[in-house]
Structure formats: C-alpha cells, structure tokens
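Colleague: Input file: structure05.csv. Contents: CSV, C-alpha atoms and all ligand atoms.
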chain,number,residue,atom,x,y,z
A,1,MET,CA,-6.2,-8.4,8.0
A,2,THR,CA,-8.7,-10.8,9.6
A,3,SER,CA,-8.6,-14.4,8.7
A,4,SER,CA,-11.9,-16.3,9.4
A,5,PRO,CA,-13.3,-18.3,6.5
A,6,ASN,CA,-16.5,-16.2,6.5
A,7,ASP,CA,-14.6,-13.0,6.2
A,8,LEU,CA,-12.6,-14.5,3.4
A,9,ALA,CA,-15.7,-15.5,1.5
A,10,ASP,CA,-17.0,-11.9,1.9
A,11,GLU,CA,-13.8,-10.4,0.8
A,12,ILE,CA,-13.6,-12.7,-2.2
A,13,ARG,CA,-17.2,-11.7,-3.2
A,14,ALA,CA,-16.3,-8.0,-2.8
A,15,ALA,CA,-13.1,-8.4,-4.8
A,16,LEU,CA,-14.8,-10.3,-7.5
A,17,GLY,CA,-17.7,-7.9,-7.6
A,18,SER,CA,-15.6,-4.8,-8.0
A,19,ALA,CA,-13.3,-6.7,-10.4
A,20,ARG,CA,-16.2,-6.9,-12.9
A,21,ASP,CA,-16.1,-3.1,-13.4
A,22,PRO,CA,-13.2,-2.4,-15.9
A,23,LEU,CA,-12.9,1.2,-14.7
A,24,ARG,CA,-12.7,0.1,-11.0
A,25,GLN,CA,-10.1,1.4,-8.6
A,26,ALA,CA,-7.9,-1.6,-7.9
A,27,THR,CA,-8.5,-1.3,-4.1
A,28,GLN,CA,-7.0,-4.7,-3.1
A,29,VAL,CA,-3.9,-4.3,-5.3
A,30,THR,CA,-3.4,-0.7,-4.2
A,31,ALA,CA,-3.7,-1.7,-0.5
A,32,PHE,CA,-1.3,-4.6,-1.0
A,33,GLU,CA,1.3,-2.3,-2.6
A,34,LYS,CA,1.1,0.0,0.4
A,35,GLU,CA,1.3,-2.8,2.9
A,36,VAL,CA,4.2,-4.6,1.2
A,37,ALA,CA,6.2,-1.4,0.8
A,38,THR,CA,5.7,-0.8,4.6
A,39,TYR,CA,6.7,-4.3,5.4
A,40,PHE,CA,10.0,-4.0,3.5
A,41,GLY,CA,10.6,-0.4,4.5
A,42,VAL,CA,10.7,1.1,1.0
A,43,ARG,CA,8.9,4.0,-0.6
A,44,GLU,CA,7.1,2.2,-3.4
A,45,ALA,CA,5.8,-1.2,-4.4
A,46,ILE,CA,4.4,-2.1,-7.8
A,47,ALA,CA,2.3,-5.4,-8.0
A,48,VAL,CA,2.6,-7.3,-11.3
A,49,SER,CA,1.4,-10.7,-12.7
A,50,SER,CA,4.6,-12.8,-12.1
A,51,GLY,CA,8.2,-12.7,-11.0
A,52,THR,CA,9.2,-12.8,-14.7
A,53,ALA,CA,6.9,-9.8,-15.3
A,54,ALA,CA,8.6,-8.0,-12.4
A,55,LEU,CA,12.1,-8.6,-13.9
A,56,HIS,CA,10.9,-7.6,-17.4
A,57,THR,CA,9.1,-4.5,-16.0
A,58,ALA,CA,12.4,-3.5,-14.3
A,59,PHE,CA,14.5,-3.8,-17.5
A,60,ALA,CA,11.8,-2.1,-19.6
A,61,ALA,CA,11.5,0.8,-17.0
A,62,LEU,CA,15.3,1.1,-17.2
A,63,GLU,CA,14.9,1.3,-21.0
A,64,LEU,CA,17.4,-1.5,-21.7
A,65,ARG,CA,17.9,-1.9,-25.5
A,66,PRO,CA,19.9,-3.8,-28.0
A,67,GLY,CA,23.6,-3.3,-27.4
A,68,ASP,CA,23.2,-2.9,-23.6
A,69,GLU,CA,24.7,-5.5,-21.4
A,70,VAL,CA,23.6,-6.9,-18.0
A,71,LEU,CA,26.0,-8.8,-15.7
A,72,VAL,CA,24.2,-12.0,-14.5
A,73,PRO,CA,25.4,-14.9,-12.4
A,74,ALA,CA,25.9,-18.3,-14.1
A,75,VAL,CA,24.1,-19.9,-11.2
A,76,ALA,CA,20.6,-18.7,-12.0
A,77,VAL,CA,17.3,-19.8,-13.4
A,78,ILE,CA,16.4,-19.1,-17.0
A,79,MET,CA,13.5,-16.9,-15.9
A,80,ALA,CA,16.0,-14.4,-14.5
A,81,VAL,CA,17.8,-14.0,-17.8
A,82,ALA,CA,15.0,-14.3,-20.3
A,83,PRO,CA,13.6,-10.7,-19.5
A,84,ILE,CA,17.0,-9.2,-20.5
A,85,LEU,CA,16.7,-11.0,-23.8
A,86,TYR,CA,13.1,-9.8,-24.2
A,87,GLN,CA,14.5,-6.3,-24.3
A,88,GLY,CA,17.0,-7.2,-26.9
A,89,ALA,CA,19.9,-6.6,-24.5
A,90,THR,CA,22.7,-9.1,-23.8
A,91,PRO,CA,23.3,-11.0,-20.6
A,92,ILE,CA,27.0,-11.4,-19.7
A,93,PHE,CA,27.5,-14.5,-17.6
A,94,VAL,CA,29.7,-14.0,-14.5
A,95,ASP,CA,31.2,-16.8,-12.5
A,96,THR,CA,30.2,-17.5,-8.9
A,97,ASP,CA,32.5,-17.4,-5.9
A,98,LEU,CA,34.0,-20.8,-5.1
A,99,GLY,CA,31.4,-22.9,-3.4
A,100,ARG,CA,29.0,-20.0,-2.9
A,101,VAL,CA,26.0,-18.4,-4.6
A,102,ASP,CA,27.6,-14.9,-4.7
A,103,PHE,CA,29.5,-13.4,-7.7
A,104,ASP,CA,33.3,-14.0,-8.2
A,105,TYR,CA,34.1,-10.3,-7.9
A,106,ASP,CA,37.3,-10.6,-10.0
A,107,ASP,CA,35.3,-12.0,-12.8
A,108,LEU,CA,32.7,-9.3,-12.4
A,109,GLU,CA,35.4,-6.6,-12.7
A,110,ARG,CA,36.7,-8.4,-15.8
A,111,LYS,CA,33.4,-8.5,-17.5
A,112,VAL,CA,32.0,-5.0,-16.9
A,113,SER,CA,32.2,-2.8,-20.0
A,114,PRO,CA,31.1,0.6,-21.3
A,115,ARG,CA,28.0,-1.2,-22.5
A,116,THR,CA,27.0,-2.5,-19.1
A,117,ARG,CA,23.8,-1.0,-17.9
A,118,ALA,CA,22.9,-3.2,-14.9
A,119,VAL,CA,24.0,-6.0,-12.6
A,120,LEU,CA,21.5,-8.7,-11.5
A,121,PRO,CA,22.2,-10.8,-8.4
A,122,VAL,CA,20.0,-13.8,-8.2
A,123,TYR,CA,19.4,-14.9,-4.7
A,124,MET,CA,19.0,-18.6,-5.4
A,125,TRP,CA,17.4,-20.5,-2.5
A,126,GLY,CA,17.3,-17.3,-0.4
A,127,CYS,CA,21.1,-17.0,-0.2
A,128,ALA,CA,22.4,-13.4,-0.1
A,129,TYR,CA,25.2,-11.8,-2.0
A,130,ASN,CA,27.7,-9.4,-0.4
A,131,LEU,CA,25.5,-6.3,-1.0
A,132,ASP,CA,28.1,-3.9,0.5
A,133,ARG,CA,30.5,-4.9,-2.2
A,134,LEU,CA,27.9,-5.2,-5.0
A,135,SER,CA,26.3,-1.8,-4.2
A,136,ALA,CA,29.7,-0.2,-4.3
A,137,PHE,CA,30.5,-1.9,-7.6
A,138,ALA,CA,27.2,-0.7,-9.2
A,139,GLU,CA,27.8,2.8,-7.9
A,140,ARG,CA,31.4,2.9,-9.1
A,141,PHE,CA,30.4,2.0,-12.6
A,142,GLY,CA,27.2,4.0,-12.6
A,143,ILE,CA,25.0,1.0,-13.4
A,144,ALA,CA,21.7,-0.1,-12.0
A,145,LEU,CA,21.5,-2.8,-9.3
A,146,VAL,CA,18.4,-4.9,-10.0
A,147,GLU,CA,17.8,-7.7,-7.5
A,148,ASP,CA,16.2,-11.0,-8.4
A,149,ALA,CA,14.7,-11.7,-5.0
A,150,CYS,CA,12.0,-14.1,-6.4
A,151,GLN,CA,13.1,-16.8,-3.9
A,152,ALA,CA,14.3,-14.5,-1.2
A,153,HIS,CA,11.3,-12.9,0.6
A,154,GLY,CA,12.3,-12.0,4.1
A,155,GLY,CA,16.0,-12.8,3.7
A,156,LYS,CA,18.4,-10.1,4.8
A,157,TRP,CA,22.0,-8.8,4.3
A,158,ARG,CA,23.1,-6.9,7.4
A,159,GLU,CA,19.5,-6.4,8.8
A,160,ARG,CA,18.3,-5.0,5.5
A,161,TYR,CA,15.9,-7.0,3.4
A,162,LEU,CA,17.1,-8.5,0.1
A,163,GLY,CA,15.3,-6.8,-2.7
A,164,THR,CA,15.6,-3.4,-1.0
A,165,TRP,CA,19.3,-2.7,-1.7
A,166,GLY,CA,19.2,-2.0,-5.4
A,167,HIS,CA,17.4,0.4,-7.7
A,168,LEU,CA,14.7,-2.2,-8.2
A,169,GLY,CA,14.0,-5.5,-6.3
A,170,CYS,CA,11.9,-8.1,-8.1
A,171,PHE,CA,9.8,-10.8,-6.3
A,172,SER,CA,7.6,-13.7,-7.4
A,173,MET,CA,4.4,-14.8,-5.8
A,174,LYS,CA,4.1,-18.0,-7.7
A,175,ASP,CA,2.8,-21.0,-5.6
A,176,GLY,CA,5.6,-22.5,-3.5
A,177,LYS,CA,7.1,-19.1,-2.7
A,178,LEU,CA,6.9,-17.8,0.9
A,179,LEU,CA,4.4,-15.2,-0.2
A,180,ALA,CA,2.2,-16.9,-2.8
A,181,THR,CA,-1.0,-16.0,-4.8
A,182,GLY,CA,-0.9,-18.7,-7.4
A,183,GLU,CA,0.8,-16.5,-9.9
A,184,GLY,CA,1.9,-12.9,-9.2
A,185,GLY,CA,4.9,-10.7,-8.4
A,186,PHE,CA,6.0,-7.3,-7.3
A,187,LEU,CA,8.8,-4.8,-7.5
A,188,LEU,CA,10.2,-2.6,-4.7
A,189,THR,CA,12.0,0.7,-5.2
A,190,ASN,CA,12.9,3.9,-3.3
A,191,ILE,CA,13.1,5.9,-6.6
A,192,PRO,CA,9.7,7.5,-7.4
A,193,GLU,CA,10.6,8.0,-11.1
A,194,LEU,CA,11.3,4.3,-11.5
A,195,ALA,CA,8.1,3.4,-9.7
A,196,ASP,CA,6.1,5.6,-12.1
A,197,ALA,CA,7.9,4.0,-15.1
A,198,CYS,CA,7.2,0.5,-13.7
A,199,ARG,CA,3.5,1.3,-13.3
A,200,ALA,CA,3.3,2.6,-16.9
A,201,VAL,CA,5.1,-0.6,-18.2
A,202,ARG,CA,2.7,-2.7,-16.3
A,203,ASN,CA,-0.3,-1.2,-18.0
A,204,HIS,CA,0.5,-0.5,-21.6
A,205,TRP,CA,2.1,2.8,-20.7
A,206,VAL,CA,-1.0,4.4,-19.3
A,207,VAL,CA,0.2,7.3,-17.1
A,208,PRO,CA,-2.8,8.2,-14.8
A,209,ASN,CA,-1.7,11.7,-13.7
A,210,HIS,CA,-0.3,12.6,-17.1
A,211,PRO,CA,-2.8,11.4,-19.7
A,212,ALA,CA,-1.0,13.3,-22.5
A,213,GLU,CA,2.0,10.9,-22.0
A,214,SER,CA,-0.2,7.8,-22.1
A,215,HIS,CA,0.8,5.3,-24.9
A,216,SER,CA,3.8,7.4,-25.8
A,217,ARG,CA,5.8,4.2,-25.4
A,218,LEU,CA,4.9,0.5,-25.6
A,219,GLY,CA,4.1,-1.3,-22.4
A,220,TYR,CA,2.6,-4.7,-21.4
A,221,ASN,CA,-0.4,-6.1,-19.6
A,222,TYR,CA,1.4,-7.2,-16.4
A,223,ARG,CA,-1.4,-6.2,-14.1
A,224,LEU,CA,-2.2,-8.2,-10.9
A,225,THR,CA,-5.9,-9.1,-10.5
A,226,GLU,CA,-8.0,-7.9,-7.5
A,227,LEU,CA,-8.5,-11.4,-6.3
A,228,GLN,CA,-4.7,-12.0,-6.3
A,229,GLY,CA,-4.3,-8.6,-4.6
A,230,LEU,CA,-6.6,-9.9,-1.8
A,231,LEU,CA,-4.7,-13.2,-1.5
A,232,ALA,CA,-1.4,-11.3,-1.5
A,233,ARG,CA,-2.6,-9.1,1.5
A,234,ARG,CA,-3.5,-12.2,3.4
A,235,ALA,CA,-0.2,-14.0,2.6
A,236,LEU,CA,1.7,-10.9,3.6
A,237,ALA,CA,-0.1,-10.8,7.0
A,238,GLU,CA,1.2,-14.3,7.5
A,239,LEU,CA,4.7,-13.9,6.0
A,240,ASP,CA,6.5,-13.7,9.4
A,241,THR,CA,4.8,-17.0,10.5
A,242,ALA,CA,5.7,-18.6,7.2
A,243,LEU,CA,9.3,-17.5,7.6
A,244,ASP,CA,9.5,-18.9,11.1
A,245,GLN,CA,8.0,-22.2,9.9
A,246,ARG,CA,10.3,-22.4,6.9
A,247,ARG,CA,13.4,-21.7,9.1
A,248,ALA,CA,12.4,-24.5,11.5
A,249,GLN,CA,11.7,-27.0,8.6
A,250,THR,CA,14.9,-26.2,6.7
A,251,GLU,CA,17.1,-26.3,9.9
A,252,TYR,CA,15.6,-29.6,10.8
A,253,VAL,CA,16.5,-31.1,7.3
A,254,LEU,CA,20.0,-29.5,7.4
A,255,GLN,CA,20.6,-30.9,10.9
A,256,GLY,CA,19.7,-34.3,9.7
A,257,LEU,CA,21.8,-34.1,6.6
A,258,THR,CA,24.9,-32.7,8.3
A,259,GLU,CA,25.2,-36.0,10.1
A,260,ILE,CA,25.6,-37.8,6.8
A,261,ASP,CA,29.1,-38.7,5.7
A,262,GLY,CA,30.2,-37.0,2.5
A,263,LEU,CA,28.1,-33.8,3.0
A,264,GLU,CA,29.2,-30.4,4.3
A,265,PRO,CA,27.0,-27.3,5.1
A,266,TYR,CA,26.7,-24.4,2.7
A,267,GLU,CA,28.7,-21.6,4.4
A,268,TYR,CA,26.3,-18.7,5.0
A,269,ASP,CA,28.1,-15.3,5.5
A,270,ALA,CA,27.9,-14.1,9.1
A,271,ARG,CA,26.3,-10.9,7.8
A,272,GLU,CA,23.4,-12.6,6.0
A,273,CYS,CA,20.1,-13.9,7.4
A,274,PRO,CA,18.8,-16.3,4.8
A,275,ASN,CA,15.1,-17.1,4.5
A,276,TYR,CA,16.0,-20.8,4.3
A,277,PHE,CA,13.7,-21.1,1.2
A,278,SER,CA,15.5,-24.4,0.3
A,279,ALA,CA,17.8,-26.7,2.2
A,280,VAL,CA,21.2,-26.1,0.5
A,281,ILE,CA,24.1,-28.6,1.3
A,282,LEU,CA,27.2,-29.5,-0.6
A,283,ARG,CA,28.8,-32.9,-1.4
A,284,ARG,CA,32.4,-33.0,-0.4
A,285,ASP,CA,33.2,-35.0,-3.5
A,286,SER,CA,34.1,-32.4,-6.1
A,287,ILE,CA,35.1,-34.9,-8.8
A,288,THR,CA,31.9,-36.7,-9.7
A,289,ASP,CA,28.7,-34.9,-10.7
A,290,SER,CA,25.6,-34.6,-8.4
A,291,ARG,CA,23.4,-34.9,-11.4
A,292,ASN,CA,22.8,-38.7,-11.1
A,293,ILE,CA,22.1,-38.3,-7.4
A,294,ALA,CA,19.8,-35.3,-8.0
A,295,ASP,CA,18.0,-37.2,-10.7
A,296,GLU,CA,17.6,-40.2,-8.4
A,297,LEU,CA,16.3,-38.0,-5.6
A,298,ALA,CA,13.8,-36.4,-8.0
A,299,GLN,CA,12.6,-39.9,-9.1
A,300,ARG,CA,12.0,-40.7,-5.5
A,301,GLY,CA,9.8,-37.6,-5.2
A,302,ILE,CA,12.4,-35.5,-3.4
A,303,VAL,CA,12.1,-32.1,-5.2
A,304,ASN,CA,15.5,-30.5,-5.9
A,305,SER,CA,16.9,-27.8,-8.2
A,306,VAL,CA,19.3,-29.9,-10.2
A,307,GLY,CA,17.3,-33.1,-10.5
A,308,THR,CA,13.7,-31.8,-10.7
A,309,PHE,CA,14.3,-28.5,-12.6
A,310,GLY,CA,17.5,-29.4,-14.4
A,311,LEU,CA,19.4,-26.4,-13.0
A,312,ARG,CA,22.7,-25.9,-14.8
A,313,PRO,CA,24.9,-22.9,-15.6
A,314,VAL,CA,22.2,-20.7,-17.1
A,315,GLN,CA,24.1,-20.0,-20.4
A,316,GLU,CA,23.9,-23.7,-21.2
A,317,TRP,CA,20.2,-23.7,-21.8
A,318,PRO,CA,19.7,-24.0,-25.6
A,319,ALA,CA,17.2,-21.1,-25.7
A,320,ILE,CA,19.8,-18.7,-24.5
A,321,GLY,CA,22.2,-19.6,-27.2
A,322,VAL,CA,19.5,-19.5,-29.8
A,323,ALA,CA,18.3,-16.0,-28.6
A,324,LEU,CA,21.9,-14.7,-28.7
A,325,SER,CA,22.9,-16.2,-32.0
A,326,SER,CA,19.7,-15.0,-33.8
A,327,ARG,CA,20.6,-11.4,-33.1
A,328,GLY,CA,21.7,-9.1,-35.9
A,329,PRO,CA,25.3,-7.8,-35.9
A,330,SER,CA,24.3,-4.6,-34.1
A,331,GLY,CA,23.1,-5.9,-30.8
A,332,ALA,CA,24.9,-9.2,-30.3
A,333,ARG,CA,28.6,-9.8,-29.5
A,334,PRO,CA,28.7,-13.5,-30.3
A,335,ASP,CA,32.5,-13.5,-29.8
A,336,VAL,CA,32.1,-12.5,-26.2
A,337,VAL,CA,29.1,-14.5,-25.5
A,338,CYS,CA,30.5,-17.8,-26.8
A,339,ARG,CA,33.8,-17.4,-25.1
A,340,GLU,CA,32.2,-16.8,-21.8
A,341,ILE,CA,30.0,-19.9,-21.9
A,342,SER,CA,33.0,-22.0,-21.0
A,343,GLU,CA,34.3,-19.4,-18.5
A,344,THR,CA,32.3,-20.0,-15.4
A,345,PRO,CA,34.3,-23.0,-13.9
A,346,ASN,CA,33.3,-22.2,-10.3
A,347,ALA,CA,29.6,-22.3,-11.2
A,348,ARG,CA,30.0,-25.6,-13.0
A,349,SER,CA,31.8,-27.1,-10.0
A,350,PHE,CA,29.3,-25.7,-7.6
A,351,LEU,CA,26.4,-27.2,-9.5
A,352,LYS,CA,28.3,-30.5,-9.5
A,353,ARG,CA,28.4,-30.5,-5.7
A,354,VAL,CA,25.2,-28.8,-4.6
A,355,LEU,CA,22.1,-30.5,-3.3
A,356,ALA,CA,19.4,-27.8,-3.1
A,357,LEU,CA,16.3,-29.5,-1.7
A,358,SER,CA,12.9,-27.7,-2.0
A,359,ILE,CA,10.9,-27.4,1.2
A,360,PHE,CA,7.2,-26.6,1.0
A,361,SER,CA,5.0,-25.1,3.7
A,362,HIS,CA,2.6,-28.1,3.6
A,363,TYR,CA,5.5,-30.6,4.4
A,364,GLN,CA,4.9,-32.4,7.7
A,365,ALA,CA,7.7,-33.9,9.9
A,366,SER,CA,7.3,-37.2,8.1
A,367,ASP,CA,8.0,-35.5,4.7
A,368,LEU,CA,11.1,-33.8,6.2
A,369,ASP,CA,12.3,-37.2,7.6
A,370,GLY,CA,11.6,-38.7,4.2
A,371,ILE,CA,14.0,-36.1,2.6
A,372,ILE,CA,16.8,-36.9,5.1
A,373,GLU,CA,16.3,-40.7,4.7
A,374,GLY,CA,16.1,-40.4,0.9
A,375,VAL,CA,19.4,-38.4,0.6
A,376,LYS,CA,21.1,-40.9,3.0
A,377,SER,CA,19.9,-43.9,1.0
A,378,VAL,CA,20.8,-42.4,-2.4
A,379,LEU,CA,24.3,-41.4,-1.2
A,380,MET,CA,24.8,-44.9,0.2
A,381,SER,CA,24.0,-46.4,-3.1
A,382,VAL,CA,26.4,-44.0,-4.7
A,383,SER,CA,29.2,-45.1,-2.4
A,384,GLY,CA,28.2,-48.7,-3.2
A,385,GLY,CA,28.9,-47.8,-6.8
A,386,ARG,CA,25.3,-48.2,-8.1
A,387,LEU,CA,24.8,-44.5,-9.1
A,388,ALA,CA,28.4,-43.4,-9.6
B,401,LIG,C1,15.1,-16.9,-9.0
B,401,LIG,C2,13.8,-16.7,-9.8
B,401,LIG,N1,13.7,-15.7,-10.7
B,401,LIG,C3,12.6,-15.5,-11.4
B,401,LIG,C4,11.5,-16.4,-11.3
B,401,LIG,C5,10.3,-16.1,-12.1
B,401,LIG,O1,9.2,-16.0,-11.3
B,401,LIG,P1,7.7,-16.4,-11.9
B,401,LIG,O2,7.7,-17.9,-12.0
B,401,LIG,O3,6.8,-15.9,-10.9
B,401,LIG,O4,7.6,-15.8,-13.2
B,401,LIG,C6,11.6,-17.4,-10.4
B,401,LIG,C7,10.4,-18.3,-10.2
B,401,LIG,O5,10.5,-19.4,-9.8
B,401,LIG,C8,12.8,-17.6,-9.6
B,401,LIG,O6,12.9,-18.6,-8.7
Mind turning the file's structure into structure tokens?

Modeller:
Amino acid sequence: MTSSPNDLADEIRAALGSARDPLRQATQVTAFEKEVATYFGVREAIAVSSGTAALHTAFAALELRPGDEVLVPAVAVIMAVAPILYQGATPIFVDTDLGRVDFDYDDLERKVSPRTRAVLPVYMWGCAYNLDRLSAFAERFGIALVEDACQAHGGKWRERYLGTWGHLGCFSMKDGKLLATGEGGFLLTNIPELADACRAVRNHWVVPNHPAESHSRLGYNYRLTELQGLLARRALAELDTALDQRRAQTEYVLQGLTEIDGLEPYEYDARECPNYFSAVILRRDSITDSRNIADELAQRGIVNSVGTFGLRPVQEWPAIGVALSSRGPSGARPDVVCREISETPNARSFLKRVLALSIFSHYQASDLDGIIEGVKSVLMSVSGGRLA
C-alpha cells in the first residue's frame, strides 16, 4: 500500500463512504484478511473487533460448552481466560516451566482429562512456547491447540510464526500492539471449516453461501469496521519495520539492564525468535517479591506488567473465582478448580522475579534510557532497604 498523507485522506474518505452502505462489500477488511493470511503463510484469516473477540470466536467456533475444559497457563492475562468462561467452559490452570513463560509439561500431563477440549498457550511479551512439544501433546490427546498470540505478532518458533502452529491463532490489534488499529483483532487458521465457523460467529451466524443455515446458531457482532480494515492494511505493510524497530529498542534496554547487579536475562530458547514486544528480565533474588519494585516503577511512569497492570497468576483474579463458583453443579468442578489455585508454584515464583517492561513504538532513546535509569535507581533503593 502507498503511504502519502493525501492518499490516506482519499482512502479514509472512500472507506467511510462505502461504510455508510449497510449492504456494502467489506472491501478493506476482505483485502486485509487476504494480505495478513499471505504474510503469515496460512490459508485463512478472519478479522474481528478485538483480541478478546478473536479468542471468544475461536472457542465458539470449536463449540466449547459447559463441562468442557481448556488447559491454560497460570502466567496469562485475564482476557485470555474470560472467553473460555463466556462459553461456560472451565479453564484448568497449569503451572509454568521454572523461570520461563512455557508450560510445565509434567503439570500439563497431570491436568489433561477426558473433558479437555483445548490447550491455550499465551505468548506473554512475545515469548514462544515449545511448539514441537505442545503440538505433539495436542495431537496425542486429540484436543485443539488455540494460540493466544495477541502480543506475539512476528515472533517465531523454528522459523514458523507464532499463531500459525495451532488449529486457530488469535491476535489483538489494540493500540500498543505491533500491528494496531485502535481496537481490532484477527484469527489465523489452515482449516477451512473452522474459518467458515469463525466468520459465522463473527456475524450472528450469517452464512453467506448457505443462507438456509443462517441464524441456525447464535453468533455475535465481532465485525471489524472498514476504517479499521484500512488502518490494518497500512499497519501490516509496516509490520516488518515495526518489528525491526522494536527489536532494536528492546535489545537496547536489555543491554542496559544486564549491566545492573541483581538482574539476569530471561533465557530465550535457541529455537525461538521472539518479537521483543516487551523487555523481560528477571531479578536474581527469588525470596522477596518484585511487586513493590514493579509498583514503584509504575509510579515513576515506567509501564510494566506487574506494577501497571497488576499481573498475577491468572486464577487469583476475583472475577475468575466468582465465575467458576457461580456455576451450577453440572458444568463446574469446584473441587478441582480450588485445589489448583494453589498449585502453580513456579508461576508464582516467576511473577515474583520478573520485570516485564513495556516498550512502545513512539519511545525515543531518552525514554529507553529513562527505563534503564529508573530500574537502576529503584533497585538501588531496594538494596538500601527502602522498598524491601
Ligand atoms: C495476551 C493477550 N491476550 C488477549 C488480549 C485481549 O486483546 P484485546 O485487548 O484486543 O481484546 C490481550 C490484550 O492486551 C493480550 O495481551
């Protein structure tokens, strides 16, 4: 796509003009779907109104229902888990590998059951899971692999993009993501039947080529607007540049942080190519909690997952407990759910140690230096006892 301001104004006028016709062909959105599928090397892409909508569309297309279980990591955002609960299904919280974002595969094996329908890796900060192992696990148990790649645009495991390994890959295009349209999202799949089901879920189960089937099931309004489709096409054309820029920004911050006493790098697997969405680093001290440090960083304007967004083992959010305990006896397994809340010790200790610092495309060198200096100063006050 071209990028001069005049062209953009013309394109916006055209997109808005056609958007006024409710029977319009969604030309920008359709073009975006083709282009994003080509970029990621998959058969089908389905644009939706948010990353949460993408995940919910995936679970609705898979026809998850009460009694079904989905294996989810304890290190995840609530938006990854809520769509499972929207379907009335049950998230089963799995521990993470020690000091890493990936699953603890022993715990995963322990928690799979005849009720398990899907497994959901959540690529926090653009970090990959071991997708050879996870794909084999999903295949062995005949369950769906749904990827939460909402933070992971452009990241790879063994040269293959995150979000293209599973039955469905889900992405966000919320502002701050590497491909952003204000709000928005999309799904990727190589399975045409699932793509059709996702399109129907997105639009109140309207089935364009089979009108007799329309509204035979409930769907949602998860459509992306034409204007956002246009923005998405432009953002996609600039994704490689955005990825290069983010890598340089994050590597700069990580380099600066590695020189600070008391911090150690997050160990990326040699087979992964992260998108460096955020700068992830660990405190060596595994005894005290990072939360005070993370809060202090947030107060100083340094955006980070634990301090700014309150990241915690996801099952600890009150809303999850409320959603699970308000279930009738048929769908819920309160015994299992409650027991497992205390059973993700690695996730808990990981979140005690991790500093996950948000990097934004508009950050200048001085902002990146400000992050490094801010972390240095907060850690010094910790060792001086003020924040401990
Ligand atoms: C890992 C993850 N999953 C899901 C979501 C939900 O995406 P959205 O905010 O577009 O609904 C986000 C958004 O930040 C996210 O980071």

Colleague: Residues within 9 Å of ligand LIG 401 (chain B) should be enumerated using only C-alpha atoms and all ligand atoms and returned as a count of residues only.

Modeller: 35

Colleague: I'd like a table as CSV: residues in region 237-304 of chain A with an atom no more than 12 Å from region 101-108 of chain A, each row giving the shortest atom pair and its distance in Å to one decimal, all atoms listed in the file counted, sorted by chain and rising residue number.

Modeller:
residue,atom,partner,partner_atom,distance
A:Tyr266,CA,A:Val101,CA,9.5
A:Glu267,CA,A:Val101,CA,9.9
A:Tyr268,CA,A:Val101,CA,9.6
A:Asp269,CA,A:Asp102,CA,10.2
A:Glu272,CA,A:Asp102,CA,11.7
A:Val280,CA,A:Val101,CA,10.4
A:Ile281,CA,A:Val101,CA,11.9
A:Leu282,CA,A:Val101,CA,11.9

Colleague: Take CA of Gly88 (chain A) and CA of Leu120 (chain A) and report the distance between them in Å, one decimal.

Modeller: 16.1 Å

Colleague: As AutoDock Vina command-line options, please: the centre and edge lengths in Å, to one decimal, of an axis-aligned box enclosing every listed atom of region 172-183 of chain A with 3 Å added on each side.

Modeller:
--center_x 3.3 --center_y -18.1 --center_z -4.5 --size_x 14.6 --size_y 14.8 --size_z 16.8

Colleague: From the set A:Asp285, A:Glu11, A:Glu343, A:Glu63, which residue has the shortest atom-to-atom contact distance to Pro313 (chain A), counting only C-alpha atoms?

Modeller: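 When distances to Pro313 (chain A) are compared using only C-alpha atoms, the smallest one comes from A:Glu343.
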
Colleague: Could you check which of A:Ile46, A:Ala212, A:Ala319, A:Ile359 is closest to Ala242 (chain A), using all atoms listed in the file?

Modeller: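 For Ala242 (chain A), the nearest of the given residues is A:Ile359.
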
Colleague: Have a look at CA of Ala232 (chain A) and CA of Gln364 (chain A) and let me know their distance in Å, one decimal.

Modeller: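 CA of Ala232 (chain A) sits 23.9 Å away from CA of Gln364 (chain A).
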
Colleague: Give me, please, the distance in Å between CA of Phe59 (chain A) and CA of Arg43 (chain A), quoted to one decimal.

Modeller: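 Rounded to one decimal, the two atoms are 19.4 Å apart.
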
Colleague: Which residues come within 7 Å of region 237-241 of chain A, counting all atoms listed in the file, excluding same-chain residues fewer than 4 positions away, as a VMD selection string?

Modeller: chain A and resid 1 178 to 179 233 245

Colleague: Let me make sure I understand: among A:Asn221, A:Gln28, A:Thr189, A:Ser366, which one has the smallest atom-to-atom distance to Leu162 (chain A) if we use all atoms listed in the file?

Modeller: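 Of the candidates, the smallest distance to Leu162 (chain A) is held by A:Thr189.
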
Colleague: Name the closest residue to Val146 (chain A) among the candidates A:Leu379, A:Pro66, A:Leu227, A:Ala60; distances are taken between atoms, counting all atoms listed in the file.

Modeller: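 Residue with the minimum atom-to-atom distance to Val146 (chain A): A:Ala60.
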